[in-house]
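Below is work38.tsv, holding TSV, C-alpha atoms.
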```tsv
chain	number	residue	atom	x	y	z
G	1	MET	CA	63.93	-138.92	-50.27
G	2	SER	CA	63.14	-135.61	-48.62
G	3	TYR	CA	59.40	-136.22	-49.08
G	4	ILE	CA	59.38	-139.35	-46.94
G	5	ILE	CA	58.53	-137.69	-43.61
G	6	PRO	CA	55.59	-135.53	-44.75
G	7	VAL	CA	54.23	-138.50	-46.71
G	8	ILE	CA	54.39	-140.83	-43.70
G	9	ILE	CA	52.71	-138.25	-41.48
G	10	LEU	CA	49.97	-137.58	-44.02
G	11	LEU	CA	49.31	-141.29	-44.64
G	12	ILE	CA	48.98	-142.10	-40.96
G	13	LEU	CA	46.77	-139.07	-40.26
G	14	ALA	CA	44.61	-139.77	-43.33
G	15	TYR	CA	44.12	-143.39	-42.29
G	16	GLY	CA	43.21	-142.29	-38.78
G	17	HIS	CA	40.80	-139.68	-40.14
G	18	LEU	CA	39.09	-142.27	-42.35
G	19	LYS	CA	38.75	-144.61	-39.39
G	20	GLY	CA	37.06	-141.87	-37.39
G	21	VAL	CA	39.91	-141.21	-34.98
G	22	LYS	CA	39.94	-137.75	-33.40
G	23	VAL	CA	43.36	-137.14	-34.93
G	24	TYR	CA	44.17	-133.85	-33.20
G	25	GLU	CA	43.32	-135.14	-29.73
G	26	ALA	CA	45.15	-138.41	-30.34
G	27	PHE	CA	48.22	-136.50	-31.54
G	28	ILE	CA	48.26	-134.38	-28.38
G	29	GLU	CA	47.89	-137.49	-26.22
G	30	GLY	CA	50.87	-139.07	-27.95
G	31	ALA	CA	52.89	-135.87	-27.79
G	32	VAL	CA	52.49	-135.80	-24.01
G	33	GLU	CA	53.87	-139.35	-23.91
G	34	GLY	CA	56.74	-138.28	-26.15
G	35	MET	CA	57.57	-135.47	-23.73
G	36	ASN	CA	57.66	-137.92	-20.81
G	37	ILE	CA	59.83	-140.40	-22.73
G	38	THR	CA	62.36	-137.66	-23.49
G	39	LEU	CA	62.40	-136.65	-19.84
G	40	LYS	CA	63.12	-140.26	-18.94
G	41	ILE	CA	65.99	-140.77	-21.40
G	42	PHE	CA	67.51	-137.35	-20.76
G	43	PRO	CA	69.58	-138.41	-17.70
G	44	TYR	CA	71.05	-141.31	-19.70
G	45	ILE	CA	72.14	-138.90	-22.41
G	46	VAL	CA	73.80	-136.64	-19.85
G	47	ALA	CA	75.68	-139.57	-18.25
G	48	MET	CA	76.83	-140.98	-21.55
G	49	LEU	CA	77.81	-137.68	-23.18
G	50	MET	CA	79.95	-136.91	-20.16
G	51	ALA	CA	81.72	-140.29	-20.15
G	52	ILE	CA	82.39	-140.26	-23.90
G	53	ALA	CA	83.62	-136.65	-23.85
G	54	MET	CA	86.06	-137.51	-21.05
G	55	LEU	CA	87.21	-140.64	-22.82
G	56	ARG	CA	87.78	-138.76	-26.05
G	57	CYS	CA	89.78	-135.78	-24.85
G	58	SER	CA	91.88	-137.83	-22.43
G	59	GLY	CA	93.27	-139.87	-25.34
G	60	GLY	CA	91.69	-143.05	-23.96
G	61	LEU	CA	89.32	-143.39	-26.89
G	62	ASP	CA	92.16	-143.13	-29.41
G	63	PHE	CA	93.91	-145.94	-27.58
G	64	ILE	CA	90.81	-148.19	-27.66
G	65	LEU	CA	90.23	-147.39	-31.34
G	66	TYR	CA	93.87	-148.19	-32.05
G	67	ILE	CA	93.51	-151.63	-30.47
G	68	LEU	CA	90.29	-152.35	-32.39
G	69	LYS	CA	91.64	-151.02	-35.70
G	70	PRO	CA	92.31	-154.42	-37.35
G	71	VAL	CA	88.67	-155.48	-36.85
G	72	THR	CA	87.02	-152.17	-37.69
G	73	ALA	CA	89.18	-151.61	-40.77
G	74	PHE	CA	88.21	-155.07	-42.01
G	75	ILE	CA	84.48	-154.25	-41.82
G	76	GLY	CA	85.07	-150.73	-43.16
G	77	LEU	CA	83.71	-149.08	-40.04
G	78	PRO	CA	84.75	-145.42	-39.60
G	79	ALA	CA	86.45	-144.75	-36.25
G	80	GLU	CA	83.73	-142.26	-35.20
G	81	VAL	CA	81.08	-144.99	-35.26
G	82	VAL	CA	82.99	-147.64	-33.25
G	83	PRO	CA	81.85	-146.48	-29.76
G	84	LEU	CA	78.21	-146.77	-30.91
G	85	VAL	CA	78.70	-150.32	-32.16
G	86	ILE	CA	80.19	-151.29	-28.79
G	87	MET	CA	77.44	-149.60	-26.75
G	88	LYS	CA	74.35	-150.52	-28.75
G	89	PRO	CA	74.05	-154.21	-27.72
G	90	LEU	CA	74.35	-153.19	-24.06
G	91	SER	CA	72.19	-150.13	-23.59
G	92	GLY	CA	69.75	-148.37	-25.90
G	93	SER	CA	69.77	-145.09	-24.01
G	94	GLY	CA	73.55	-145.22	-23.67
G	95	ALA	CA	73.82	-145.75	-27.42
G	96	LEU	CA	71.46	-142.83	-27.96
G	97	GLY	CA	73.82	-140.60	-25.99
G	98	ILE	CA	76.74	-141.74	-28.12
G	99	LEU	CA	74.77	-141.25	-31.35
G	100	ALA	CA	73.94	-137.72	-30.20
G	101	ASP	CA	77.64	-137.07	-29.69
G	102	ILE	CA	78.56	-138.47	-33.13
G	103	LEU	CA	75.88	-136.46	-34.95
G	104	LYS	CA	76.95	-133.27	-33.20
G	105	ARG	CA	80.61	-133.74	-34.04
G	106	VAL	CA	80.59	-135.05	-37.61
G	107	GLY	CA	77.22	-133.70	-38.78
G	108	ALA	CA	73.98	-135.68	-39.15
G	109	ASP	CA	74.17	-135.77	-42.96
G	110	SER	CA	77.83	-136.81	-43.29
G	111	TYR	CA	78.75	-140.42	-44.10
G	112	PRO	CA	79.64	-141.42	-40.51
G	113	GLY	CA	76.56	-139.53	-39.26
G	114	VAL	CA	74.19	-141.38	-41.59
G	115	LEU	CA	75.91	-144.72	-40.97
G	116	ALA	CA	75.65	-144.25	-37.21
G	117	SER	CA	71.93	-143.41	-37.51
G	118	VAL	CA	71.33	-146.51	-39.66
G	119	ILE	CA	73.24	-148.79	-37.26
G	120	MET	CA	71.30	-147.31	-34.34
G	121	SER	CA	67.95	-148.10	-36.01
G	122	SER	CA	68.81	-151.50	-37.47
G	123	THR	CA	70.38	-153.16	-34.42
G	124	GLU	CA	68.99	-153.85	-30.96
G	125	THR	CA	70.10	-153.90	-27.33
G	126	ILE	CA	70.45	-157.66	-27.31
G	127	PHE	CA	72.23	-158.19	-23.99
G	128	TYR	CA	69.65	-156.10	-22.21
G	129	THR	CA	66.68	-157.76	-23.93
G	130	ILE	CA	68.00	-161.28	-23.36
G	131	THR	CA	68.67	-160.56	-19.67
G	132	VAL	CA	65.27	-159.00	-19.03
G	133	TYR	CA	63.13	-161.36	-21.13
G	134	PHE	CA	64.68	-164.62	-19.90
G	135	GLY	CA	65.10	-163.24	-16.38
G	136	SER	CA	61.39	-162.44	-16.16
G	137	VAL	CA	60.44	-166.13	-16.51
G	138	GLY	CA	63.40	-167.57	-14.61
G	139	ILE	CA	65.20	-169.27	-17.48
G	140	ARG	CA	68.89	-169.98	-16.83
G	141	ASN	CA	69.89	-172.02	-19.86
G	142	ILE	CA	69.44	-169.72	-22.86
G	143	ARG	CA	71.02	-172.24	-25.28
G	144	HIS	CA	71.89	-170.73	-28.67
G	145	THR	CA	70.07	-167.43	-28.20
G	146	LEU	CA	73.13	-165.26	-27.60
G	147	ALA	CA	75.10	-166.76	-30.48
G	148	ALA	CA	72.26	-166.28	-32.99
G	149	ALA	CA	71.47	-162.78	-31.69
G	150	LEU	CA	75.13	-161.76	-31.97
G	151	ILE	CA	75.26	-163.09	-35.53
G	152	ALA	CA	72.19	-160.96	-36.31
G	153	GLU	CA	73.77	-157.92	-34.66
G	154	VAL	CA	77.05	-158.23	-36.58
G	155	THR	CA	75.11	-158.77	-39.82
G	156	GLY	CA	73.17	-155.57	-39.08
G	157	VAL	CA	76.38	-153.57	-38.70
G	158	VAL	CA	78.05	-155.04	-41.79
G	159	ALA	CA	74.88	-154.57	-43.87
G	160	SER	CA	74.61	-150.95	-42.66
G	161	VAL	CA	78.17	-150.26	-43.83
G	162	MET	CA	77.55	-151.95	-47.19
G	163	ILE	CA	74.28	-150.10	-47.80
G	164	CYS	CA	75.36	-146.66	-46.57
G	165	SER	CA	78.64	-146.64	-48.46
G	166	ARG	CA	76.59	-146.99	-51.67
G	167	PHE	CA	74.87	-143.67	-51.00
G	168	PHE	CA	78.15	-141.77	-50.61
E	1	MET	CA	77.10	-154.65	-17.29
E	2	ILE	CA	76.33	-151.08	-18.27
E	3	ASN	CA	77.33	-149.98	-14.76
E	4	LYS	CA	80.80	-151.48	-15.18
E	5	LEU	CA	81.18	-150.15	-18.70
E	6	TRP	CA	80.27	-146.61	-17.69
E	7	PHE	CA	82.58	-146.72	-14.71
E	8	TYR	CA	85.50	-147.97	-16.79
E	9	MET	CA	84.90	-145.34	-19.47
E	10	ILE	CA	85.40	-142.68	-16.82
E	11	ALA	CA	88.20	-144.50	-14.99
E	12	ILE	CA	90.18	-145.06	-18.21
E	13	ALA	CA	89.61	-141.43	-19.18
E	14	VAL	CA	90.95	-140.10	-15.88
E	15	ALA	CA	93.90	-142.51	-15.94
E	16	PHE	CA	94.87	-141.47	-19.47
E	17	ALA	CA	94.36	-137.81	-18.68
E	18	ALA	CA	96.52	-138.02	-15.55
E	19	THR	CA	99.41	-139.75	-17.32
E	20	GLY	CA	99.16	-137.54	-20.42
E	21	ASN	CA	98.81	-134.30	-18.45
E	22	ARG	CA	95.41	-133.59	-19.91
E	23	LEU	CA	93.32	-133.25	-16.76
E	24	SER	CA	92.41	-129.61	-17.42
E	25	LEU	CA	91.14	-130.61	-20.87
E	26	VAL	CA	88.98	-133.29	-19.29
E	27	THR	CA	87.53	-130.80	-16.81
E	28	GLU	CA	86.60	-128.54	-19.68
E	29	ALA	CA	85.08	-131.48	-21.61
E	30	ILE	CA	82.85	-132.42	-18.66
E	31	MET	CA	81.43	-128.91	-18.41
E	32	LYS	CA	80.95	-128.66	-22.17
E	33	SER	CA	79.21	-132.04	-22.35
E	34	MET	CA	76.63	-130.91	-19.79
E	35	GLN	CA	75.87	-127.86	-21.90
E	36	SER	CA	75.55	-129.86	-25.10
E	37	SER	CA	73.32	-132.48	-23.50
E	38	VAL	CA	70.86	-129.76	-22.48
E	39	GLU	CA	70.82	-128.33	-26.01
E	40	LEU	CA	70.35	-131.82	-27.40
E	41	GLY	CA	67.64	-132.74	-24.95
E	42	LEU	CA	65.66	-129.62	-25.80
E	43	GLY	CA	65.97	-130.36	-29.51
E	44	LEU	CA	64.96	-133.95	-28.92
E	45	VAL	CA	61.73	-133.09	-27.06
E	46	GLY	CA	60.17	-131.52	-30.15
E	47	GLY	CA	60.87	-134.44	-32.45
E	48	MET	CA	59.75	-137.02	-29.92
E	49	MET	CA	56.49	-135.16	-29.34
E	50	LEU	CA	55.87	-135.07	-33.09
E	51	TRP	CA	56.52	-138.79	-33.67
E	52	CYS	CA	54.80	-140.06	-30.57
E	53	GLY	CA	51.81	-137.92	-31.54
E	54	VAL	CA	51.68	-139.36	-35.06
E	55	LEU	CA	52.18	-142.89	-33.77
E	56	LYS	CA	49.35	-142.47	-31.29
E	57	VAL	CA	47.05	-141.76	-34.23
E	58	ALA	CA	48.36	-144.94	-35.91
E	59	GLU	CA	47.69	-146.91	-32.76
E	60	LYS	CA	44.13	-145.59	-32.34
E	61	SER	CA	43.21	-146.10	-35.98
E	62	GLY	CA	43.92	-149.81	-35.77
E	63	LEU	CA	47.01	-149.66	-37.99
E	64	VAL	CA	48.79	-151.83	-35.44
E	65	ASP	CA	46.15	-154.57	-35.81
E	66	ARG	CA	46.41	-154.34	-39.58
E	67	MET	CA	50.14	-154.91	-39.49
E	68	ALA	CA	49.68	-157.72	-37.00
E	69	ALA	CA	47.34	-159.44	-39.45
E	70	ALA	CA	49.93	-159.01	-42.18
E	71	ILE	CA	52.77	-160.65	-40.28
E	72	ARG	CA	50.68	-163.52	-38.82
E	73	PRO	CA	51.28	-165.92	-41.76
E	74	VAL	CA	55.04	-165.33	-41.54
E	75	MET	CA	54.96	-166.00	-37.82
E	76	ARG	CA	53.07	-169.28	-38.31
E	77	LEU	CA	55.77	-170.34	-40.71
E	78	LEU	CA	58.53	-169.47	-38.23
E	79	PHE	CA	56.83	-171.03	-35.21
E	80	PRO	CA	55.14	-174.17	-36.55
E	81	GLU	CA	55.25	-175.80	-33.11
E	82	LEU	CA	52.89	-173.24	-31.56
E	83	PRO	CA	49.10	-173.35	-31.93
E	84	ALA	CA	48.11	-170.54	-34.33
E	85	LYS	CA	45.50	-169.06	-32.00
E	86	SER	CA	47.52	-169.41	-28.80
E	87	SER	CA	48.01	-166.31	-26.67
E	88	ALA	CA	51.77	-166.86	-26.90
E	89	MET	CA	51.49	-166.32	-30.65
E	90	GLY	CA	49.22	-163.30	-30.15
E	91	SER	CA	51.55	-161.56	-27.71
E	92	MET	CA	54.58	-162.24	-29.88
E	93	ILE	CA	52.84	-160.78	-32.94
E	94	MET	CA	51.81	-157.66	-31.02
E	95	ASN	CA	55.33	-157.25	-29.64
E	96	ILE	CA	56.94	-157.51	-33.06
E	97	THR	CA	54.36	-155.18	-34.63
E	98	SER	CA	55.02	-152.56	-31.94
E	99	ASN	CA	58.74	-152.85	-32.57
E	100	MET	CA	58.22	-152.44	-36.31
E	101	LEU	CA	56.31	-149.22	-35.76
E	102	GLY	CA	59.02	-147.95	-33.45
E	103	LEU	CA	56.73	-148.14	-30.41
E	104	GLY	CA	59.53	-149.43	-28.18
E	105	ASN	CA	57.72	-148.54	-24.97
E	106	ALA	CA	54.69	-150.58	-25.89
E	107	ALA	CA	56.81	-153.45	-27.16
E	108	THR	CA	58.57	-154.41	-23.92
E	109	PRO	CA	55.49	-155.24	-21.79
E	110	LEU	CA	54.06	-157.24	-24.72
E	111	GLY	CA	57.36	-159.09	-25.07
E	112	LEU	CA	57.38	-159.99	-21.38
E	113	LYS	CA	53.79	-161.22	-21.72
E	114	ALA	CA	54.84	-163.37	-24.68
E	115	MET	CA	57.68	-164.87	-22.64
E	116	GLN	CA	55.25	-165.80	-19.87
E	117	GLU	CA	52.93	-167.48	-22.34
E	118	LEU	CA	55.84	-169.34	-23.96
E	119	GLN	CA	57.01	-170.46	-20.54
E	120	LYS	CA	53.58	-172.05	-19.90
E	121	LEU	CA	54.22	-174.31	-22.90
E	122	ASN	CA	57.74	-175.11	-21.72
E	123	LEU	CA	58.32	-178.55	-20.18
E	124	ARG	CA	61.79	-177.80	-18.77
E	125	LYS	CA	61.23	-174.56	-16.92
E	126	GLU	CA	64.91	-173.65	-16.54
E	127	SER	CA	65.83	-174.10	-20.18
E	128	ALA	CA	64.75	-171.99	-23.16
E	129	THR	CA	62.55	-173.54	-25.85
E	130	ASN	CA	63.31	-173.17	-29.55
E	131	ALA	CA	60.41	-170.74	-29.83
E	132	MET	CA	61.84	-168.53	-27.07
E	133	CYS	CA	65.27	-168.41	-28.69
E	134	LEU	CA	63.80	-167.50	-32.06
E	135	PHE	CA	61.55	-164.85	-30.51
E	136	LEU	CA	64.57	-163.23	-28.84
E	137	VAL	CA	66.56	-163.32	-32.08
E	138	ILE	CA	63.69	-161.59	-33.91
E	139	ASN	CA	63.75	-159.01	-31.14
E	140	ALA	CA	67.46	-158.51	-31.79
E	141	ALA	CA	66.81	-157.19	-35.30
E	142	PRO	CA	63.25	-155.98	-35.79
E	143	PRO	CA	62.74	-154.04	-39.05
E	144	VAL	CA	61.69	-150.57	-37.89
E	145	PHE	CA	59.48	-148.56	-40.24
E	146	ILE	CA	59.45	-145.38	-38.19
E	147	PRO	CA	62.70	-144.93	-36.22
E	148	ALA	CA	61.21	-142.05	-34.23
E	149	THR	CA	64.00	-141.45	-31.72
E	150	VAL	CA	66.80	-141.50	-34.28
E	151	MET	CA	64.91	-139.15	-36.61
E	152	SER	CA	64.23	-136.77	-33.72
E	153	LEU	CA	67.87	-136.81	-32.75
E	154	ARG	CA	68.89	-136.14	-36.35
E	155	SER	CA	66.55	-133.14	-36.58
E	156	SER	CA	67.92	-131.90	-33.29
E	157	ALA	CA	71.46	-132.19	-34.66
E	158	GLY	CA	70.49	-130.02	-37.65
E	159	SER	CA	69.96	-132.67	-40.33
E	160	ALA	CA	68.54	-131.41	-43.63
E	161	ASN	CA	66.94	-134.80	-44.20
E	162	PRO	CA	66.24	-136.73	-40.98
E	163	GLY	CA	64.17	-139.38	-42.80
E	164	PHE	CA	66.96	-140.31	-45.21
E	165	ILE	CA	67.89	-143.24	-42.99
E	166	ILE	CA	64.52	-145.04	-43.07
E	167	VAL	CA	65.07	-147.16	-46.19
E	168	PRO	CA	68.76	-148.03	-45.56
E	169	ALA	CA	67.91	-148.97	-41.96
E	170	LEU	CA	65.03	-151.18	-43.12
E	171	LEU	CA	67.26	-152.99	-45.60
E	172	ALA	CA	70.02	-153.47	-43.03
E	173	SER	CA	67.65	-154.84	-40.40
E	174	LEU	CA	66.00	-157.18	-42.91
E	175	ALA	CA	69.45	-158.59	-43.69
E	176	ALA	CA	70.20	-158.96	-39.99
E	177	LEU	CA	66.81	-160.57	-39.36
E	178	THR	CA	67.16	-163.08	-42.18
E	179	VAL	CA	70.67	-164.15	-41.19
E	180	GLY	CA	69.62	-164.22	-37.51
E	181	ILE	CA	66.61	-166.47	-38.15
E	182	ILE	CA	68.60	-168.86	-40.34
E	183	SER	CA	71.41	-169.11	-37.77
E	184	CYS	CA	68.88	-169.66	-35.02
E	185	LYS	CA	67.13	-172.47	-36.90
E	186	LEU	CA	70.48	-174.11	-37.65
E	187	LEU	CA	71.88	-173.69	-34.14
E	188	GLU	CA	68.78	-175.08	-32.42
E	189	ARG	CA	69.61	-178.51	-33.84
E	190	VAL	CA	72.99	-178.60	-32.15
E	191	SER	CA	72.36	-176.69	-28.94
E	192	GLY	CA	71.39	-179.64	-26.80
E	193	VAL	CA	68.14	-179.54	-24.85
E	194	VAL	CA	65.20	-179.94	-27.17
E	195	ARG	CA	61.57	-179.77	-26.37
```
Written form, structure tokens:
Amino acid sequence: MSYIIPVIILLILAYGHLKGVKVYEAFIEGAVEGMNITLKIFPYIVAMLMAIAMLRCSGGLDFILYILKPVTAFIGLPAEVVPLVIMKPLSGSGALGILADILKRVGADSYPGVLASVIMSSTETIFYTITVYFGSVGIRNIRHTLAAALIAEVTGVVASVMICSRFF
Amino acid sequence: MINKLWFYMIAIAVAFAATGNRLSLVTEAIMKSMQSSVELGLGLVGGMMLWCGVLKVAEKSGLVDRMAAAIRPVMRLLFPELPAKSSAMGSMIMNITSNMLGLGNAATPLGLKAMQELQKLNLRKESATNAMCLFLVINAAPPVFIPATVMSLRSSAGSANPGFIIVPALLASLAALTVGIISCKLLERVSGVVR
């Protein structure tokens, strides 16, 4: 699947070209946005990498993983990926910091590295989204939203494990 | 919530380090983490510029509208109670399309707009409608075709194949989405307030 990235880029650029988009100028415009987005998420990565590094080398993380072991072993979740699964529903940028830490330590192409990347892209920051979306229109009774969203989130994690373990 | 979580991560770390005599290790880890976040951030900038650039071309060429047209029939099936041409429907479709293309930054304002439009159709202003709940659940597991940030991070971490994750992630999120929608439709019958 190593051709997937060049193919996607070519397809999008070709479609834009056919539609008369000034592809080079549009690309630069987007790249500037990309630079600003990275600048914005950078502080979150710093904060989260620091906290997770402290937690790991103090032995605190081992303790938390030990407590969660019965659940994670049941799903087949490698210990390295557990902090990501806990963080992702709460904060996207926090989860990004943790994913960065995982990829750096176990390698982006290892099984836990790939699994973490897949979980990161197939689940969402549900607590954050629910708070902001309902908060913005003043809704207090969210009824079954959280339950259904959590079911979706857990399904995403379990499906990620089932799919990724097939590739390794 | 994230404020508490972050604080307790650090508090637990210091407590464990103090009791286990590992404080000097923690000091070292803090300094090292700063260094690695800078390396990571620099690696990330390149990938994010690439993908945001490509996605801008997609946006300008009307690819977003094309995808929106493709998912409209599915949305009508999922939200039969909403008028097909309503602006609530329109905003929801644009929000979900943006999410699918990995345009997270564009998706949030559209999602908030959709919530406002849905609220206009709501008779009990303090309580969520079935449509709102379902919309949020779809937002909890949108299938992402171009996970730009994750791919950038993978390149930055030295991956030989950053795009390897696209198909597995799509499959996993489709599973999550399907189960989420079914649970939502089942739960809405028992969760009290109905509009």
**OP:** One decimal, Å: what's the distance from CA of Val106 in chain G over to CA of Lys4 in chain E, could you say?
**Re:** 27.8 Å
Original post:
Distance CA of Ser127 in chain E-CA of Ala147 in chain G, one decimal place?
Top reply: 15.7 Å
Subject >> CA of Ile37 in chain G to CA of Met151 in chain E, distance in Å rounded to a single decimal >> reply: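 Those two atoms sit 14.8 Å apart.
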Subject >> Lys104 in chain G environment, 9 Å, only C-alpha atoms, sequence neighbours closer than 3 positions dropped, as a PyMOL selection string >> reply: (chain G and resi 99-101+107-108+113) or (chain E and resi 36+40+157-158)
Original post:
Can you tell me, as a PyMOL selection string, what residues are no more than 9 Å from Ile182 in chain E when counting all atoms listed in the file, ignoring any on the same chain fewer than 5 positions away?
Top reply: (chain G and resi 148) or (chain E and resi 177+187)
How close does range 71-138 of chain G get to range 107-113 of chain E? List, as a tab-separated table, each residue of range 71-138 of chain G within 9 Å, its nearest atom pair and the distance in Å to one decimal, counting all atoms listed in the file.
```
residue	atom	partner	partner_atom	distance
G:Thr129	CA	E:Thr108	CA	8.8
G:Val132	CA	E:Leu112	CA	8.3
G:Tyr133	CA	E:Leu112	CA	5.9
G:Phe134	CA	E:Leu112	CA	8.8
G:Ser136	CA	E:Leu112	CA	7.0
G:Val137	CA	E:Leu112	CA	8.4
```
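Shortest atom-to-atom contact with Ile9 in chain G among G:Tyr111, G:Phe168, G:Phe27, G:Tyr66: G:Phe27, counting only C-alpha atoms.
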**OP:** Can you pull out every residue within 12 Å of Ser183 in chain E, counting all atoms listed in the file, but drop anything in the same chain fewer than 4 positions away, and send it as a ChimeraX atom specification?
**Re:** /G:144-153,155 /E:133-134,137-138,176-179,187-191
I'd like the neighbourhood of Ile10 in chain E as a CSV table (one decimal) with C-alpha atoms, in the coordinates of the input, where a residue qualifies if any of its atoms comes within 9 Å (using all atoms listed in the file), though same-chain residues fewer than 5 positions away should be ignored.
```csv
chain,number,residue,atom,x,y,z
G,50,MET,CA,80.0,-136.9,-20.2
G,51,ALA,CA,81.7,-140.3,-20.2
G,52,ILE,CA,82.4,-140.3,-23.9
G,54,MET,CA,86.1,-137.5,-21.0
G,55,LEU,CA,87.2,-140.6,-22.8
E,5,LEU,CA,81.2,-150.2,-18.7
E,15,ALA,CA,93.9,-142.5,-15.9
```
**OP:** Name the closest residue to Lys69 in chain G among the candidates G:Val158, G:Val23, G:Val82, G:Phe127; distances are taken between atoms, counting all atoms listed in the file.
**Re:**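 The answer is G:Val82, which sits nearest to Lys69 in chain G.
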**OP:** Name the residues in contact with Ala68 in chain E at a cut-off of 7 Å, using only C-alpha atoms, excluding same-chain residues fewer than 4 positions from it; report them as a list in words.
**Re:**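 Everything that qualifies: Val64, Arg72, Ile93, Met94 and Thr97 of chain E.
Using only C-alpha atoms, the nearest neighbour of chain G within the list E:Asn3, E:Thr149, E:Ser33, E:Asn130 is E:Ser33.
Within 9 Å of the file-frame point (58.6, -161.0, -36.9), and using all atoms listed in the file, the polymer residues found are E:Ile71, E:Arg72, E:Val74, E:Met75, E:Leu78, E:Met92, E:Ile93, E:Asn95, E:Ile96, E:Thr97, E:Met100, E:Phe135, E:Ile138, E:Asn139, E:Pro142, E:Pro143, E:Leu177.
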Original post:
For Gly97 in chain G, which of E:Ala175, E:Leu44, E:Ala70, E:Ala88 is the closest residue, counting only C-alpha atoms?
Top reply: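 Comparing E:Ala175, E:Leu44, E:Ala70, E:Ala88 against Gly97 in chain G, the winner is E:Leu44.
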**OP:** Please return, as a list of chain:residue names, all polymer residues that have at least one atom within 7 Å of the point (76.3, -150.5, -35.1); use all atoms listed in the file and the file's own coordinate frame.
**Re:**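 In the file's frame, the residues around the point are G:Leu84, G:Val85, G:Lys88, G:Ala116, G:Ile119, G:Met120, G:Thr123, G:Val157.
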